[in-house]
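Undergrad: Below you will find the structure I want to go over with you.
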Amino acid sequence: MIDRRLLLGATAASLAAGPALAQTTPARLRRGVSSLSATSDDVVAFGEGVRLMKRRRDALSWERQRQLHATQARHGDSLFLPWHRLQLSHLERIIARLTGHTRFALPYWDYQTTPRLPSWTTQPGAPLYEPQRSAGANTRDYNQARWAADARRADRRTDTPDRFLGLPLSASQPRQAGTVESFGHNWIHTLVGGLMGRIETATLDPVFWMHHANVDRFWDAWHRDRRPAYPTWYTSRTLGGFIGERGTVTGTWTVGRILDTRALGYGYDTVGPPVLFVMSAAPPTAGVRRLAGSEVFRLAAEVRPGASG
């Protein structure tokens with residue numbers, strides 16, 4: 001449980017000089033898939049970027065992103081959200097440089113307003129198509145399937161920092177994910193399945209990036225609504241190992257520096273929903289009632305979010 005005496009806000013350490021990636025104004029606007037088509041600039045650049053990265057064998061390769069996530073990604077604790085925010089931001093810049101689309105921004109997939117995957121990810125031959133998904137993944141109504149599977153949700157209006165973010169890992173603290181990870185993020189990985197069902201391979205499916213952009217949007221909305229007093233132990237935590245657009249490691253990042261997406265040069269076209277996964281009148285057969293796929297994602301989905309108080 002977070003000690004409320006530590007909720008003192010961002011510290012001076014969070015404002016210390018950091019890697020050159022940070023910007024003061026958003027240069028990229030992430031848009032929902034419902035407003036995009038197969039010919040939209042960001043979709044075309046995304047597909048071309050994936051194609052180019054798959055051909056490479058260096059630090060800018062698609063495989064390198066897989067390795068990074070497989071070996072270093074944080075799951076089941078309070079660093080889940082900032083770690084993935086940094087990986088997405090770095091990938092954006094890599095694709096922007098490789099494709100020449102300098103303002104490239106990852107599309108986000110809001111499965112509540114657009115409950116099915118966009119056609120430019122499900123049609124064989126499309127640049128963002130991935131054949132290794134679960135049966136029915138390309139036609140599934142994800143809002144209904146998720147609601148049929150689990151009634152628990154993340155609520156950005158009421159979730160406290162410890163409940164929303166999760167708790168820190170320590171020798172005495174068992175793995176406890178936040179609500180946005182447990183009750184939103186994990187179920188999409190499970191329902192898409194295939195490569196998405198395992199941490200070791202999840203980034204290989206382009207849907208991973210659009211899914212995590214939506215998760216990040218939800219955090220951004222919670223952050224802006226709540227203006228939470230993040231604990232100092234949280235804002236001073238460091239993350240590293242990320243690959244920049246020139247193929248080199250970008251250094252160490254403090255969580256306090258990336259709480260506002262503008263510090264990373266991007267924003268969203270719309271705010272996230274009040275609740276991650278709205279109630280949907282789904283028939284019992286709309287989804288699964290037990291977690292399938294990766295044991296790791298199953299573990300993360302079943303852990304108890306940090307208790308508030």
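For the structure tokens, the naming scheme is as follows: chains receive sequential letters (A, B, ...) according to their order of presentation, residues are indexed from 1 within each chain, and ligands are indexed from 1 in presentation order.
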What lies within 6 Å of range 112-120 of chain A using only C-alpha atoms, ignoring chain neighbours under 4 positions off, as an mmCIF file with N, CA and C atoms, in the first residue's frame?

TA:
```
data_model
loop_
_atom_site.group_PDB
_atom_site.id
_atom_site.type_symbol
_atom_site.label_atom_id
_atom_site.label_comp_id
_atom_site.auth_asym_id
_atom_site.auth_seq_id
_atom_site.Cartn_x
_atom_site.Cartn_y
_atom_site.Cartn_z
ATOM 1 N N ALA A 38 -7.088 2.883 -44.527
ATOM 2 C CA ALA A 38 -5.866 2.240 -45.002
ATOM 3 C C ALA A 38 -4.949 3.215 -45.726
ATOM 4 N N ALA A 126 -2.485 -7.039 -46.092
ATOM 5 C CA ALA A 126 -2.352 -5.669 -45.595
ATOM 6 C C ALA A 126 -1.057 -5.560 -44.778
ATOM 7 N N ARG A 140 -14.122 -10.357 -33.998
ATOM 8 C CA ARG A 140 -14.716 -10.321 -32.664
ATOM 9 C C ARG A 140 -15.130 -8.914 -32.249
ATOM 10 N N ASP A 141 -16.249 -8.830 -31.515
ATOM 11 C CA ASP A 141 -16.643 -7.606 -30.835
ATOM 12 C C ASP A 141 -15.937 -7.635 -29.481
ATOM 13 N N TYR A 142 -14.884 -6.834 -29.339
ATOM 14 C CA TYR A 142 -14.033 -6.934 -28.156
ATOM 15 C C TYR A 142 -14.668 -6.338 -26.910
ATOM 16 N N ASN A 143 -15.540 -5.382 -27.071
ATOM 17 C CA ASN A 143 -16.193 -4.838 -25.893
ATOM 18 C C ASN A 143 -17.134 -5.876 -25.288
#
```

Undergrad: Name the residues in contact with Met210 in chain A at a cut-off of 9 Å, using only C-alpha atoms, excluding same-chain residues fewer than 2 positions from it; report them as an MDAnalysis selection string.

TA: chainID A and resid 32:33 106:110 206:208 212:215

Undergrad: Using only C-alpha atoms, can you tell me which of A:Leu60, A:Val249, A:Leu259, A:Ala149 comes closest to Arg227 in chain A?

TA: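 Selected residue with least distance to Arg227 in chain A: A:Leu259.
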
Undergrad: Do a neighbour search on Trp83 in chain A at 9 Å with only C-alpha atoms, toss out local chain neighbours closer than 5 positions, and write the hits as a short mmCIF file (atom, residue, chain, number, x, y, z; two decimals) with C-alpha atoms, in the first residue's frame.

TA:
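Everything below was put into out_37.cif:
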```
data_model
loop_
_atom_site.label_atom_id
_atom_site.label_comp_id
_atom_site.auth_asym_id
_atom_site.auth_seq_id
_atom_site.Cartn_x
_atom_site.Cartn_y
_atom_site.Cartn_z
CA GLN A 72 12.77 -5.80 -19.84
CA ALA A 73 9.07 -4.89 -19.91
CA ARG A 74 7.42 -4.25 -16.57
CA LEU A 88 5.82 3.37 -27.70
CA LEU A 239 13.83 3.20 -16.58
CA GLY A 240 16.29 2.61 -19.39
CA VAL A 255 9.10 8.49 -14.22
#
```

Undergrad: In Å to one decimal, how far is CA of Gly184 in chain A from CA of Ala154 in chain A?

TA: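 Interatomic distance here is 7.1 Å.
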
Undergrad: For Glu181 in chain A, list every protein, DNA or RNA residue within 10 Å, evaluated using only C-alpha atoms, and leave out those in the same chain fewer than 2 positions away; present the list as number ranges by chain.

TA: A: 75-78, 80-81, 153-154, 164-166, 176-179, 183-187, 215, 297, 300-301, 305

Undergrad: Quick one: residues within 10 Å of Thr102 in chain A, only C-alpha atoms counted, chain neighbours fewer than 2 positions away excluded, as an MDAnalysis selection string?

TA: chainID A and resid 27:28 45 92:100 104:105
